[in-house]
Amino acid sequence: MGMAIDVTTPGGFVLALLPELVLTCWMLVLLVAVAWRHRDEGDQQMAGQLALMGLVSTLLVVLWMWVKGAYPETLTGMIALDGFRYATSAIFLIGAILVVMLSLGYLGRERILVPEYYVLVMLAAIGMLFMASGADLIVIFLGLELMSMAIYVLAGIDRRSAFSAEAAVKYFLLGAFASGFFLYGIALLYGATGTTNLTQMHYQIVTLGLETNLMLLAGIGMLLIGFGFKVAAVPFHMWVPDVYDGAPTPITAYMAAAVKAAAFTALIRVLLHALGASDAVWMEIILWLSVITMIVGNLIALAQTHLKRMLAYSSIGHAGYILAALASGSERGAAAFLFYILAYTLMTLGSFAILAAVGTRGERDVRIDDLSGLASRRPWMALAMTVFMLSLLGFPGTAGFIGKWLVLSAVVSADQIVLAVLLVIASMVSAGYYLPVVMAMYMKSAPSEDAHSGSGLIGAARWVVGIAAVLLLLLGVWPNRVLDMAADGAEGLRPAPTRILTD
Amino acid sequence: MLVFNFWFFSGLAIISALLCITRRSPVVSAMWLVVTMFSIAALYIILGAQFIGAIQVLVYAGAIMVLFLFVIMLLNLGRDEPTDLPGWWGHAITFGIGTLLIVELWAVTRIVPAGEVRLPAGTMDRVMEQEGVVGAISSTLFRDFLVPFEITSVLLLAAVVGAVVLAKRRI
């Protein structure tokens, strides 16, 4: 058995919150360093490297806790100590590390001199960690707000770009609106069960027989609207194309990968852990959300000519697949989710890194046709992009395939055959926009002699693309170790549906 | 007397809220909002939560309203600006949503939560007697909800850093 932590003692309390505390301390150090040195690009590089060190050391702390198998002595604390928290925290931190590496060269190229950029990336990561570790709706809400607040600013960090400002304002207004729904849902759940603690909520629902209590159902509905905005599920996806399009590309990658994964993490914990007894209600809603998200996301992506917008709509489609895993309502679905977001984080960050590399004259204007002939000029970049596109498509031999197969098997084991069939059809439709990218790179010739002359991966972005591509291929052919870790991470997430009889 | 006070301040809160959203001039709207805030503070005091009532006056009626007025002054909003509010269909939608919320409020008051969920009668009085008005809040805030309280401070730091980054003059 692992390491028991008694959160009522100060030492245990610090230990339970160790990853968050380490990251917060690094963030404060970075903030002071940035206040002291913020004049030129060299200072900005230093800030980025400090952020990188902080994120890596936090990742090590999370992995240490996971290896030690830390678990709580009392079950009703505010901070969850379980495999699901460690697994998702590690994935967010990997995402944040890759984003920082991507930004090191990008900010210099785009002449954005805002060293606080890295402070905000770290603040968003702290929010994500709290969303993963919150076993109380208040902690989850505050984590969500902390993450969103930093991302609102990051979306508008390029102050010379009108599109960046538009992205920030749109995301801020709709995000605040969604937070209102979320908070209203929490208030109603509190009204129905008398607690905001997830474990206690589960026991209240089971012992008092509140499974179909009207106030509880209204609360679940409001909560799902709030989460729907954050994970960009159709019909709450309207903000996605403009926000993803206008934000600086590394931040778009951050939003598409880690931010979305964090919202899903909190959603899964709330639904499975606290509201598992009412699963008949929310499984139906999640099922339909998943179906409509897959269909709409994939169909609109087909019509896109610009790479960045295509990737934005494709991320909506992927939210649909993840919702399908959730619609199975089982720990198996949660394990599929863990593997899927790891693969999804890697392929999303990789494809946005390539987009940033080819978009030297503005990533917004890169059309899919502009990639013509990339394979002959930049063979390694084209190869990596091919891996990312095939993985996003779910082609056998890549991690994307294993992820989709896991989601599919979770859906089938929950007897939702229609959803499984729709998932396969949606994946086939997605070939219609992923493969043209590959075809343009390999089968079309470059439009002019000097095409792609300016494009290239700068510095650490090379590592991002290399690591992501290699890991995707490795996980595609040798996934067993990570599959075991995912199953371990999802274990015990859903409490047993015990009903303590009272008269 | 208590009942009269309750109805008086409730009515005042609703009327001033209505005036706040129907006045054209932003300054007048803000002033009516102050009246709403004060009435709500009075309701808190009637409910026996004097401390929250005082905080309501200090923070909402005081600090936040001053900020509102500052922003209105900085934006230099005049008296009769052309309105960009939508026409009759906009009012219809607003009216519809408002009706929906009132119906929902009514429905929520009809649902009596399960007896075990509610605090036993007299719990609040007992807690007040033991810990005092401020103590009852502080022991909850700084003991049971210490983690959320600390996260809030990080959240405020994020907001400050973000505001400075977006507003500083040199790009």
# chains A, B, ... in the order shown; residues from 1 in each chain; ligands from 1
$ interface_residues --of "chain B" --to "chain A" --cutoff "12 Å" --atoms "only C-alpha atoms" --output "number ranges by chain"
B: 104-105, 107-119, 143-171
$ closest_atom_pairs --of "segment 361-395 of chain A" --to "segment 318-329 of chain A" --cutoff "12 Å" --atoms "only C-alpha atoms" --output "tab-separated table"
residue	atom	partner	partner_atom	distance
A:Ser391	CA	A:His318	CA	11.8
A:Leu392	CA	A:His318	CA	8.5
A:Leu393	CA	A:His318	CA	9.8
A:Gly394	CA	A:His318	CA	10.8
$ atom_distance --atom1 "atom CA of Met201 of chain A" --atom2 "atom CA of Leu81 of chain A"
17.5 Å
$ residues_around --residues "segment 345-353 of chain A" --least-positions-apart "5" --cutoff "7 Å" --atoms "only C-alpha atoms" --output "PyMOL selection string"
chain A and resi 95+102+249+253+257-258+385+388+391-392+461+464-465+468
$ residues_around --residues "Ala335 of chain A" --least-positions-apart "6" --cutoff "6 Å" --atoms "only C-alpha atoms" --output "list in words"
Ala486, Ala487 and Ala490 of chain A
$ write_last_selection --atoms "N, CA and C atoms" --output "compact mmCIF listing (two decimals), in the first residue's frame"
# COMPACT_ATOMS: atom_id res chain seq x y z
N ALA A 486 -2.93 4.29 -17.07
CA ALA A 486 -4.25 4.92 -17.21
C ALA A 486 -5.29 4.16 -16.40
N ALA A 487 -5.25 2.82 -16.48
CA ALA A 487 -6.21 2.02 -15.72
C ALA A 487 -6.02 2.25 -14.22
N ALA A 490 -7.52 5.60 -13.20
CA ALA A 490 -8.98 5.72 -13.15
C ALA A 490 -9.59 4.87 -12.05
$ atom_distance --atom1 "atom CA of Leu289 of chain A" --atom2 "atom CA of Trp89 of chain B"
29.3 Å
$ atom_distance --atom1 "atom CA of Ala426 of chain A" --atom2 "atom CA of Leu311 of chain A"
15.5 Å
$ closest_residue --among "A:Arg37, A:Arg481, A:Arg85, A:Arg309" --to "Ile268 of chain A" --atoms "only C-alpha atoms"
A:Arg85
$ closest_residue --among "B:Thr140, B:Ser25, B:Asn5, B:Thr99" --to "Ile46 of chain B" --atoms "only C-alpha atoms"
B:Asn5
$ residues_around --residues "segment 31-37 of chain B" --least-positions-apart "5" --cutoff "7 Å" --atoms "only C-alpha atoms" --output "count of residues only"
8
$ select_by_dssp --residues "segment 30-132 of chain B" --states "alpha helix (DSSP H)" --output "number ranges by chain"
B: 30-46, 50-55, 65-75, 88-110, 123-132
